[in-house]
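Have a look at run05.txt below; it lists compact mmCIF, C-alpha atoms.
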# COMPACT_ATOMS: atom_id res chain seq x y z
CA MET K 1 239.50 181.72 181.03
CA ASN K 2 242.50 182.07 183.28
CA ALA K 3 243.96 185.57 183.49
CA GLU K 4 247.45 184.28 182.78
CA THR K 5 246.39 182.56 179.55
CA LEU K 6 244.53 185.50 178.04
CA PRO K 7 245.28 186.08 174.35
CA LEU K 8 247.27 189.15 173.37
CA SER K 9 244.59 190.94 171.46
CA PRO K 10 241.54 192.52 173.17
CA ALA K 11 239.48 191.60 170.10
CA GLN K 12 239.85 187.94 171.00
CA VAL K 13 238.42 188.34 174.49
CA ALA K 14 234.71 188.01 175.17
CA PRO K 15 233.12 190.95 177.03
CA ALA K 16 232.11 188.53 179.81
CA VAL K 17 235.77 187.72 180.44
CA VAL K 18 236.61 191.43 180.67
CA GLY K 19 233.62 191.93 182.99
CA ASP K 20 234.90 189.13 185.21
CA LEU K 21 238.39 190.72 185.32
CA VAL K 22 236.86 194.07 186.26
CA GLN K 23 234.91 192.43 189.10
CA ARG K 24 238.08 190.80 190.38
CA VAL K 25 240.00 194.09 190.17
CA ARG K 26 237.21 195.68 192.23
CA SER K 27 237.68 193.05 194.88
CA GLY K 28 241.39 193.90 194.95
CA GLU K 29 242.84 190.94 193.07
CA ARG K 30 246.26 191.99 191.82
CA GLU K 31 246.56 189.28 189.13
CA ALA K 32 243.29 190.39 187.54
CA PHE K 33 244.60 193.96 187.32
CA VAL K 34 247.82 192.72 185.74
CA ALA K 35 245.82 190.70 183.19
CA LEU K 36 243.58 193.67 182.38
CA THR K 37 246.63 195.90 181.96
CA ARG K 38 248.35 193.34 179.72
CA LEU K 39 245.27 193.11 177.59
CA TYR K 40 244.97 196.82 176.85
CA GLN K 41 248.38 198.39 177.49
CA LYS K 42 249.46 198.23 173.85
CA LYS K 43 246.31 199.93 172.64
CA VAL K 44 246.81 202.75 175.14
CA PHE K 45 250.51 202.98 174.24
CA ILE K 46 249.70 203.41 170.53
CA LEU K 47 247.35 206.28 171.31
CA ALA K 48 249.83 207.91 173.69
CA TYR K 49 252.78 207.45 171.36
CA SER K 50 250.88 208.93 168.46
CA PHE K 51 250.21 212.01 170.62
CA PHE K 52 253.69 212.51 172.00
CA ARG K 53 255.95 210.60 169.57
CA ASN K 54 258.17 209.79 172.49
CA LYS K 55 258.47 206.36 174.07
CA GLU K 56 259.10 207.54 177.65
CA ASP K 57 256.15 209.95 177.62
CA ALA K 58 253.95 207.21 176.16
CA ILE K 59 254.98 204.71 178.84
CA ASP K 60 254.37 207.30 181.57
CA LEU K 61 250.95 207.90 180.14
CA VAL K 62 250.15 204.17 179.99
CA GLN K 63 251.04 204.01 183.67
CA ASP K 64 248.88 207.05 184.51
CA VAL K 65 245.94 205.65 182.57
CA PHE K 66 245.95 202.31 184.33
CA LEU K 67 246.45 203.92 187.73
CA ARG K 68 243.45 206.13 186.99
CA VAL K 69 241.48 203.06 185.89
CA TYR K 70 242.42 201.32 189.13
CA GLU K 71 241.23 204.28 191.16
CA LYS K 72 238.03 204.78 189.19
CA ILE K 73 237.12 201.17 188.52
CA ASP K 74 234.08 201.52 190.77
CA SER K 75 232.67 204.21 188.51
CA TYR K 76 232.79 201.90 185.48
CA GLN K 77 229.24 200.85 184.70
CA GLU K 78 228.83 197.18 184.07
CA GLY K 79 227.62 196.27 180.61
CA ARG K 80 229.32 199.29 179.09
CA ASN K 81 232.09 198.70 176.55
CA PHE K 82 235.19 198.57 178.76
CA GLU K 83 237.59 199.32 175.93
CA ALA K 84 235.67 202.45 174.96
CA TRP K 85 235.65 203.58 178.61
CA LEU K 86 239.37 202.91 178.98
CA LEU K 87 240.22 204.74 175.76
CA GLN K 88 238.10 207.65 176.90
CA VAL K 89 240.22 207.88 180.05
CA ALA K 90 243.36 207.55 177.91
CA LYS K 91 242.23 210.22 175.47
CA ASN K 92 241.42 212.67 178.30
CA LEU K 93 244.79 212.13 179.94
CA CYS K 94 246.59 212.45 176.58
CA ILE K 95 244.90 215.78 175.92
CA ASP K 96 245.56 217.06 179.47
CA ARG K 97 249.22 216.17 179.32
CA TYR K 98 249.54 217.39 175.76
CA ARG K 99 248.15 220.80 176.77
CA LYS K 100 250.58 221.00 179.68
CA THR K 101 253.62 220.04 177.66
CA ARG K 102 252.73 221.77 174.43
CA SER K 103 254.51 225.07 175.08
CA ARG K 104 257.61 223.25 176.31
CA ARG K 105 257.59 220.97 173.28
CA GLU K 106 257.25 223.89 170.92
CA MET K 107 260.27 225.57 172.47
CA GLU K 108 262.34 222.40 172.42
CA SER K 109 261.35 221.36 168.91
CA ASP K 110 264.24 221.65 166.44
CA ALA K 111 262.05 222.76 163.60
CA ARG K 112 258.49 223.93 163.27
CA VAL K 113 256.42 223.01 160.23
CA ASP K 114 257.18 226.26 158.50
CA GLU K 115 260.91 225.82 159.12
CA LEU K 116 261.18 222.43 157.46
CA PRO K 117 262.76 222.41 153.98
CA LEU K 118 260.41 223.04 151.11
CA ALA K 119 260.13 220.57 148.25
CA ASP K 120 262.47 221.19 145.36
CA GLU K 121 260.54 223.35 142.92
CA ARG K 122 261.95 221.53 139.94
CA SER K 123 260.88 218.14 141.22
CA PRO K 124 257.89 218.58 143.48
CA ASP K 125 257.33 214.84 143.75
CA SER K 126 260.72 214.25 145.26
CA ILE K 127 259.66 214.48 148.91
CA ARG K 128 261.33 211.69 150.87
CA ALA K 129 259.34 209.29 153.04
CA SER K 130 261.18 210.33 156.22
CA ASP K 131 260.62 214.03 155.45
CA LEU K 132 256.97 213.35 154.77
CA LYS K 133 256.64 211.59 158.13
CA ASP K 134 258.25 214.53 159.99
CA ILE K 135 256.21 217.11 158.14
CA LEU K 136 253.01 215.20 158.71
CA ALA K 137 253.77 214.62 162.38
CA LYS K 138 254.36 218.33 162.94
CA SER K 139 251.33 219.26 160.87
CA VAL K 140 249.14 216.91 162.92
CA ASP K 141 250.21 218.91 166.00
CA CYS K 142 248.69 222.00 164.39
CA LEU K 143 245.24 220.40 164.11
CA ALA K 144 242.45 221.22 166.53
CA GLU K 145 242.38 218.73 169.40
CA ARG K 146 239.38 216.73 168.26
CA GLN K 147 240.61 216.61 164.67
CA LYS K 148 244.02 215.48 165.83
CA THR K 149 242.55 212.81 168.11
CA ILE K 150 240.33 211.46 165.37
CA PHE K 151 243.09 211.48 162.75
CA LEU K 152 245.47 209.60 165.07
CA MET K 153 242.83 207.14 166.27
CA ARG K 154 241.86 206.43 162.69
CA HIS K 155 245.28 206.12 161.09
CA VAL K 156 247.66 205.16 163.87
CA ASN K 157 245.38 203.27 166.27
CA GLN K 158 243.50 201.89 163.26
CA MET K 159 240.16 202.37 164.94
CA GLY K 160 236.92 202.37 162.96
CA ASN K 161 234.56 205.36 162.83
CA GLU K 162 232.02 203.64 165.09
CA GLU K 163 234.61 202.84 167.72
CA ILE K 164 235.96 206.41 167.67
CA ALA K 165 232.42 207.73 167.96
CA ARG K 166 231.86 205.55 171.04
CA VAL K 167 235.08 206.70 172.69
CA LEU K 168 234.54 210.39 171.96
CA ASN K 169 230.81 210.21 172.62
CA ILE K 170 229.86 211.81 169.30
CA SER K 171 228.01 210.58 166.22
CA THR K 172 229.69 208.64 163.42
CA GLY K 173 228.76 211.45 161.05
CA THR K 174 230.66 213.94 163.23
CA VAL K 175 233.67 211.62 163.24
CA LYS K 176 233.60 211.47 159.44
CA SER K 177 233.22 215.20 159.14
CA LEU K 178 236.03 215.98 161.62
CA HIS K 179 238.24 213.42 159.90
CA PHE K 180 237.61 215.12 156.60
CA LYS K 181 238.38 218.54 158.11
CA ALA K 182 241.62 217.13 159.53
CA ILE K 183 242.68 215.86 156.12
CA ARG K 184 241.70 219.11 154.50
CA LYS K 185 243.74 221.13 156.98
CA LEU K 186 246.69 218.77 156.69
CA ARG K 187 246.58 219.18 152.95
CA ILE K 188 246.79 222.95 153.36
CA LEU K 189 249.63 222.63 155.87
CA ILE K 190 251.75 220.22 153.90
CA SER K 191 251.03 221.52 150.41
CA PRO K 192 254.11 223.81 150.34
CA TYR K 193 256.28 220.77 150.93
CA LEU K 194 254.56 218.86 148.16
CA GLY K 195 255.28 221.74 145.81
CA CYS K 196 251.63 222.39 145.02
CA GLN K 197 249.18 225.22 145.19
CA THR K 198 246.03 225.07 147.25
CA MET D 1 238.31 213.79 137.11
CA CYS D 2 239.68 217.27 136.45
CA ALA D 3 243.34 218.17 136.98
CA ASP D 4 242.61 220.03 140.24
CA CYS D 5 240.67 217.11 141.68
CA ARG D 6 243.41 214.71 140.64
CA LYS D 7 245.95 216.90 142.41
CA GLN D 8 243.77 217.00 145.52
CA TRP D 9 243.49 213.24 145.51
CA LYS D 10 247.21 212.86 145.12
CA ASP D 11 247.74 215.06 148.18
CA VAL D 12 245.21 213.04 150.20
CA GLU D 13 247.05 209.89 149.17
CA THR D 14 250.34 211.44 150.29
CA ILE D 15 248.84 212.29 153.68
CA LEU D 16 247.58 208.73 154.12
CA GLN D 17 250.99 207.42 153.09
CA GLY D 18 252.60 209.64 155.75
CA ALA D 19 250.12 208.33 158.32
CA GLY D 20 251.26 204.81 157.44
CA ALA D 21 254.84 205.87 158.19
CA LEU D 22 253.74 207.19 161.62
CA GLN D 23 252.25 203.78 162.29
CA GLU D 24 255.57 202.11 161.49
CA ASP D 25 257.25 204.39 164.04
CA VAL D 26 254.82 203.25 166.72
CA LYS D 27 255.48 199.62 165.88
CA GLN D 28 259.23 200.11 166.19
CA ALA D 29 258.79 201.80 169.56
CA MET D 30 256.49 199.00 170.72
CA ASN D 31 259.10 196.39 169.93
CA THR D 32 261.47 197.97 172.45
CA VAL D 33 259.04 197.94 175.39
CA ASP D 34 259.12 195.15 177.97
CA TRP D 35 255.35 194.69 178.25
CA ASP D 36 255.38 192.04 180.96
CA SER D 37 257.41 194.10 183.38
CA LEU D 38 255.41 197.24 182.55
CA SER D 39 252.13 195.65 183.63
CA GLU D 40 253.75 194.32 186.82
CA ARG D 41 255.21 197.76 187.57
CA ILE D 42 251.82 199.40 187.08
CA ALA D 43 250.15 196.88 189.39
CA ASP D 44 252.82 197.51 192.05
CA ALA D 45 252.37 201.26 191.73
CA ALA D 46 248.59 200.93 191.98
CA GLN D 47 248.81 198.90 195.15
CA THR D 48 251.46 201.15 196.70
CA ARG D 49 249.38 204.20 195.94
CA THR D 50 246.29 202.64 197.48
CA LYS D 51 248.22 201.88 200.65
CA THR D 52 249.87 205.28 200.91
CA VAL D 53 246.91 207.50 200.06
CA PRO D 54 246.32 209.48 203.23
CA GLY D 55 242.88 209.40 204.80
CA SER D 56 240.40 211.82 203.37
CA VAL D 57 240.54 215.33 204.69
CA PRO D 58 237.88 215.77 207.33
CA ALA D 59 234.95 217.77 206.07
CA GLY D 60 234.97 221.34 207.12
CA VAL D 61 238.72 221.81 207.48
CA PHE D 62 238.93 224.37 204.70
CA ARG D 63 235.35 225.40 204.46
CA PRO D 64 235.23 227.82 207.39
CA ARG D 65 238.19 229.80 206.00
CA LEU D 66 236.78 230.00 202.45
CA TRP D 67 233.33 230.97 203.57
CA ASP D 68 234.58 233.38 206.13
CA ALA D 69 232.37 236.50 206.13
CA ARG D 70 235.27 238.72 205.06
CA TRP D 71 235.69 236.77 201.76
CA ARG D 72 232.06 237.01 200.78
CA PRO D 73 232.32 240.42 199.02
CA VAL D 74 235.25 239.02 196.96
CA PHE D 75 233.18 236.04 195.84
CA ALA D 76 230.19 238.24 195.11
CA GLY D 77 232.39 240.60 193.04
CA ALA D 78 233.95 237.71 191.09
CA LEU D 79 230.55 236.18 190.38
CA GLY D 80 229.13 239.54 189.26
CA GLY D 81 232.15 240.08 186.99
CA LEU D 82 231.71 236.64 185.45
CA LEU D 83 228.03 237.26 184.75
CA ILE D 84 228.60 240.68 183.21
CA GLY D 85 231.63 239.46 181.21
CA GLY D 86 229.69 236.46 179.97
CA ALA D 87 226.79 238.65 178.85
CA VAL D 88 229.13 241.07 177.05
CA MET D 89 230.92 238.21 175.28
CA TYR D 90 227.60 236.67 174.28
CA PHE D 91 226.37 239.88 172.64
CA ALA D 92 229.75 240.65 171.07
CA LEU D 93 230.18 237.20 169.52
CA ARG D 94 226.66 236.90 168.16
CA SER D 95 226.93 240.32 166.55
CA PRO D 96 226.97 240.10 162.74
CA ARG D 97 229.53 242.90 162.61
CA ILE D 98 232.39 240.48 163.24
CA PRO D 99 233.36 239.28 159.77
CA GLN D 100 234.26 235.64 159.30
CA ALA D 101 237.76 235.07 157.97
CA PRO D 102 237.54 234.12 154.32
CA GLY D 103 238.33 230.56 153.35
CA LEU D 104 238.10 229.12 156.87
CA GLY D 105 234.67 227.58 156.55
CA VAL D 106 234.71 223.95 155.54
CA GLN D 107 232.50 223.37 152.58
CA ALA D 108 232.53 219.77 151.59
CA SER D 109 229.78 217.81 150.05
CA GLY D 110 228.73 214.53 151.59
CA GLU D 111 229.91 212.96 148.37
CA PHE D 112 233.44 214.29 148.84
CA ILE D 113 233.58 213.08 152.45
CA ASP D 114 232.38 209.68 151.26
CA ARG D 115 235.17 209.64 148.69
CA VAL D 116 237.77 210.33 151.37
CA GLU D 117 236.25 207.53 153.47
CA MET D 118 236.32 205.26 150.43
CA SER D 119 239.94 206.08 149.81
CA VAL D 120 240.84 205.23 153.42
CA ALA D 121 238.83 202.00 153.23
CA ARG D 122 240.65 200.98 150.05
CA ARG D 123 244.02 201.68 151.59
CA GLU D 124 243.21 199.72 154.73
CA THR D 125 241.89 196.81 152.68
CA ILE D 126 245.06 196.76 150.58
CA ASP D 127 247.13 196.73 153.78
CA TYR D 128 245.03 193.89 155.23
CA LEU D 129 245.34 191.89 152.01
CA SER D 130 249.12 192.39 151.79
CA LYS D 131 249.68 191.26 155.36
CA SER D 132 247.36 188.26 154.96
CA GLN D 133 249.05 187.36 151.69
CA ALA D 134 252.50 187.40 153.30
CA LEU D 135 251.33 185.16 156.13
CA LEU D 136 249.52 182.70 153.88
CA LEU D 137 252.37 182.62 151.37
CA ASP D 138 254.84 181.52 154.05
CA PHE D 139 252.41 178.79 155.05
CA VAL D 140 251.53 177.51 151.57
CA GLN D 141 255.14 177.37 150.40
CA ALA D 142 256.32 175.41 153.44
CA GLN D 143 256.65 171.63 153.64
CA PRO D 144 253.58 170.16 155.42
CA ALA D 145 255.73 168.99 158.32
CA GLN D 146 256.99 172.53 158.96
CA ALA D 147 253.89 174.44 157.85
CA GLY D 148 252.18 174.11 161.22
CA ARG D 149 255.18 175.55 163.02
CA ILE D 150 255.20 178.54 160.66
CA LEU D 151 251.67 179.46 161.63
CA GLN D 152 251.94 178.62 165.29
CA ASP D 153 255.10 180.39 166.37
CA GLU D 154 254.55 183.47 168.51
CA PRO D 155 255.12 186.23 165.91
CA ALA D 156 252.77 184.48 163.46
CA VAL D 157 250.08 184.12 166.15
CA GLN D 158 250.47 187.82 166.96
CA ARG D 159 250.24 188.71 163.24
CA ARG D 160 247.08 186.63 162.96
CA HIS D 161 245.53 188.29 166.01
CA ASP D 162 246.37 191.71 164.60
CA LEU D 163 244.77 190.80 161.29
CA LEU D 164 241.64 189.51 163.02
CA SER D 165 241.37 192.76 165.00
CA LYS D 166 241.93 194.81 161.88
CA LYS D 167 239.26 192.89 160.01
CA ARG D 168 236.78 193.48 162.82
CA LEU D 169 237.37 197.22 162.48
CA MET D 170 237.17 197.08 158.70
CA ASN D 171 233.77 195.37 158.66
CA ALA D 172 231.78 198.60 158.65
CA GLN D 173 233.85 199.97 155.78
CA LEU D 174 233.43 196.77 153.77
CA ASP D 175 229.65 197.01 154.02
CA GLY D 176 229.52 199.58 151.23
CA ILE D 177 228.36 198.30 147.87
CA ARG D 178 231.63 199.32 146.22
CA MET D 179 233.57 197.10 148.58
CA ALA D 180 231.34 194.03 148.20
CA LYS D 181 233.96 192.09 146.25
CA ALA D 182 236.63 192.87 148.82
CA ARG D 183 234.26 191.85 151.64
CA ASP D 184 233.89 188.39 150.15
CA ILE D 185 237.60 187.59 150.08
CA CYS D 186 238.33 189.36 153.39
CA ASP D 187 235.59 187.31 155.08
CA GLN D 188 237.09 184.13 153.67
CA ILE D 189 240.54 185.04 155.01
CA GLU D 190 239.01 185.89 158.39
CA ARG D 191 237.24 182.51 158.58
CA LEU D 192 240.51 180.80 157.75
CA PHE D 193 242.37 182.68 160.50
CA ILE D 194 239.62 181.92 163.00
CA GLU D 195 239.84 178.24 162.09
CA LEU D 196 243.61 178.35 162.54
CA SER D 197 243.20 180.00 165.96
CA GLN D 198 240.93 177.19 167.04
CA ILE D 199 243.44 174.45 166.33
CA SER D 200 244.63 173.42 169.74
CA GLY D 201 248.06 171.89 170.21
CA GLU D 202 250.51 171.38 167.41
CA MET D 203 249.14 171.29 163.85
CA THR D 204 249.61 167.88 162.28
CA ALA D 205 251.00 167.45 158.75
CA GLU D 206 247.54 166.22 157.62
CA GLU D 207 245.86 169.34 158.94
CA ALA D 208 248.50 171.50 157.30
CA VAL D 209 247.96 169.76 153.94
CA ARG D 210 244.19 170.16 154.26
CA ILE D 211 244.49 173.89 154.89
CA GLN D 212 247.14 174.35 152.20
CA ARG D 213 244.82 172.58 149.75
CA PHE D 214 241.90 174.76 150.86
CA VAL D 215 243.96 177.92 150.17
CA GLU D 216 244.94 176.58 146.75
CA ASP D 217 241.46 175.28 145.78
CA LYS D 218 239.80 178.55 146.69
CA LYS D 219 242.60 180.38 144.84
CA ILE D 220 242.83 182.71 147.82
CA LEU D 221 246.32 184.02 147.04
CA PHE D 222 245.47 184.59 143.40
CA ARG D 223 242.26 186.41 144.31
CA ILE D 224 244.11 188.54 146.85
CA LYS D 225 246.57 189.58 144.15
CA LEU D 226 243.81 190.43 141.68
CA LEU D 227 241.88 192.40 144.24
CA GLN D 228 244.96 194.30 145.38
CA ARG D 229 245.65 195.32 141.80
CA GLU D 230 242.04 196.31 141.27
CA LEU D 231 241.98 198.43 144.43
CA GLN D 232 245.29 200.08 143.59
CA GLU D 233 244.11 200.93 140.09
CA SER D 234 240.84 202.41 141.34
CA GLU D 235 242.83 204.64 143.69
CA VAL D 236 244.46 206.55 140.84
Taking this structure as input, can you express it in the form of structure tokens?
Amino acid sequence: MNAETLPLSPAQVAPAVVGDLVQRVRSGEREAFVALTRLYQKKVFILAYSFFRNKEDAIDLVQDVFLRVYEKIDSYQEGRNFEAWLLQVAKNLCIDRYRKTRSRREMESDARVDELPLADERSPDSIRASDLKDILAKSVDCLAERQKTIFLMRHVNQMGNEEIARVLNISTGTVKSLHFKAIRKLRILISPYLGCQT
Amino acid sequence: MCADCRKQWKDVETILQGAGALQEDVKQAMNTVDWDSLSERIADAAQTRTKTVPGSVPAGVFRPRLWDARWRPVFAGALGGLLIGGAVMYFALRSPRIPQAPGLGVQASGEFIDRVEMSVARRETIDYLSKSQALLLDFVQAQPAQAGRILQDEPAVQRRHDLLSKKRLMNAQLDGIRMAKARDICDQIERLFIELSQISGEMTAEEAVRIQRFVEDKKILFRIKLLQRELQESEV
């Protein structure tokens, strides 16, 4: 398959085609690197955007990820799932950058979770969708790193448990358990805004 | 289900609903990115960086300074401190005297975790069915001459690819016995989308009629609707 005619979704591409692109990137072929980037850039963007909720930061991260991939392409072991390897790189860079920018973001943030308006006590069900999104986004930031990563991969990247397990190098059972813990903690964090008792 | 459990489930549903809203945000942001130029820019940056990376620092440039004899006591002191500190922390943390904060331990039965997983699977299946239904509905309601164009324009192709990817990720969730019915219809939709992807060139009116008839004969849209309702009711 020609690099320029590759379909948009990585799911449609056979592993052999990806392997061929990787080989060509190793030999310095620019077009192959462009094709590989095109194939996976959206997937990396979704992960980055879900971490930072900022388009510019997400684009910067996409760039960093692919530059890192370009530098480290020789360390990619053939036969390994390329997407899982790439997302592992992306996840590591997301966490690194997130740690570096976290204190700045907290200072710049207009409102922390506990400063957002509480649900009206007389009508606890009246929480608006946009409020819910903001509250949830800020609550997700309060999760432990692995819980946050798994929650975002599962619900924003729409990755399956097996795929997450491959990327994070943990068992599917651990993914399920951490996902459950994330939901449990989120429930505790957002319950005041839902007007309920935990 | 007791009132407390029902409340818990409602909260979990709210969280999943909020997660869906986050996903919409990402989609909106994605629509504003120029993907073609981004990949070109990245490739340019990669090549520029490769060209401008200075040669590796010759071995031994820094080493003599770091391992200078006068620094050795500092390193030895730091290492000793680390070892002693590590040992103290080890004994302090394993001591039973430190009480665990109440309510922080997660105690969830496997059954409860399975129920959360089930709830997520249901929600994702409903989403997959709704998106497939919208795509198929546009196709079935169109005149045969225009039906092909509806399925082959770029946004529709992208929607179909997204649905195929989503289905691939849902497969493990659909394996559960409680999702067997959903698996059947989701597999049928997937086969249909794969068949559509394999049509090369423009779809003829005859092909469009054949596929429209297949969708009608198999009552795919009707079964999607029934299944959606069933899944939504079992969520309550």
Quick one: residues within 12 Å of region 154-157 of chain D, all atoms listed in the file, excluding same-chain residues fewer than 2 positions away - as an MDAnalysis selection string?
(chainID K and resid 7:9 12) or (chainID D and resid 31 131:132 134:136 138:139 147:152 159:164 193:194 196:199)
Do you have the CA of Phe151 (chain K)-CA of Ala180 (chain D) distance handy?
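A separation of 25.6 Å between them.
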Please identify all polymer residues within 8 Å of region 46-63 of chain K, counting only C-alpha atoms, omitting same-chain residues fewer than 2 positions from it, and present them as a PyMOL selection string.
(chain K and resi 41-44+65-67+90-91+93-94+98+152-153+156-157) or (chain D and resi 22+26+29+42)
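With CA of Gln28 (chain D) on one side and CA of Arg97 (chain K) on the other, the separation reads 23.0 Å.
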For region 213-223 of chain D, please output as a ChimeraX atom specification all residues within 8 Å (counting all atoms listed in the file; exclusion window: fewer than 2 positions along the same chain).
/D:133,136-137,140,185,189,209-211,225-227
Which of these residues is nearest to chain K, using all atoms listed in the file: D:Asp11, D:Glu207, D:Asp175, D:Asp34?
D:Asp11
I need the chain D residues near chain K as number ranges by chain; criterion: at most 9 Å, counting only C-alpha atoms.
D: 7-8, 11-12, 14-27, 29-30, 33, 35-36, 38-47, 49-50, 106, 108, 110, 112-114, 116-117, 120, 124, 158, 161-162, 164-166, 168-173
What is the distance, in Å and to one decimal place, between CA of Arg115 (chain D) and CA of Ile150 (chain K)?
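These two atoms are separated by 17.6 Å.
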Give, as JSON, the centre coordinates and the x, y and z edge lengths in Å to one decimal for an axis-aligned box around all listed atoms of region 202-206 of chain D, padded by 6 Å on each side.
{"center_x": 249.3, "center_y": 168.8, "center_z": 162.5, "size_x": 15.5, "size_y": 17.2, "size_z": 21.8}
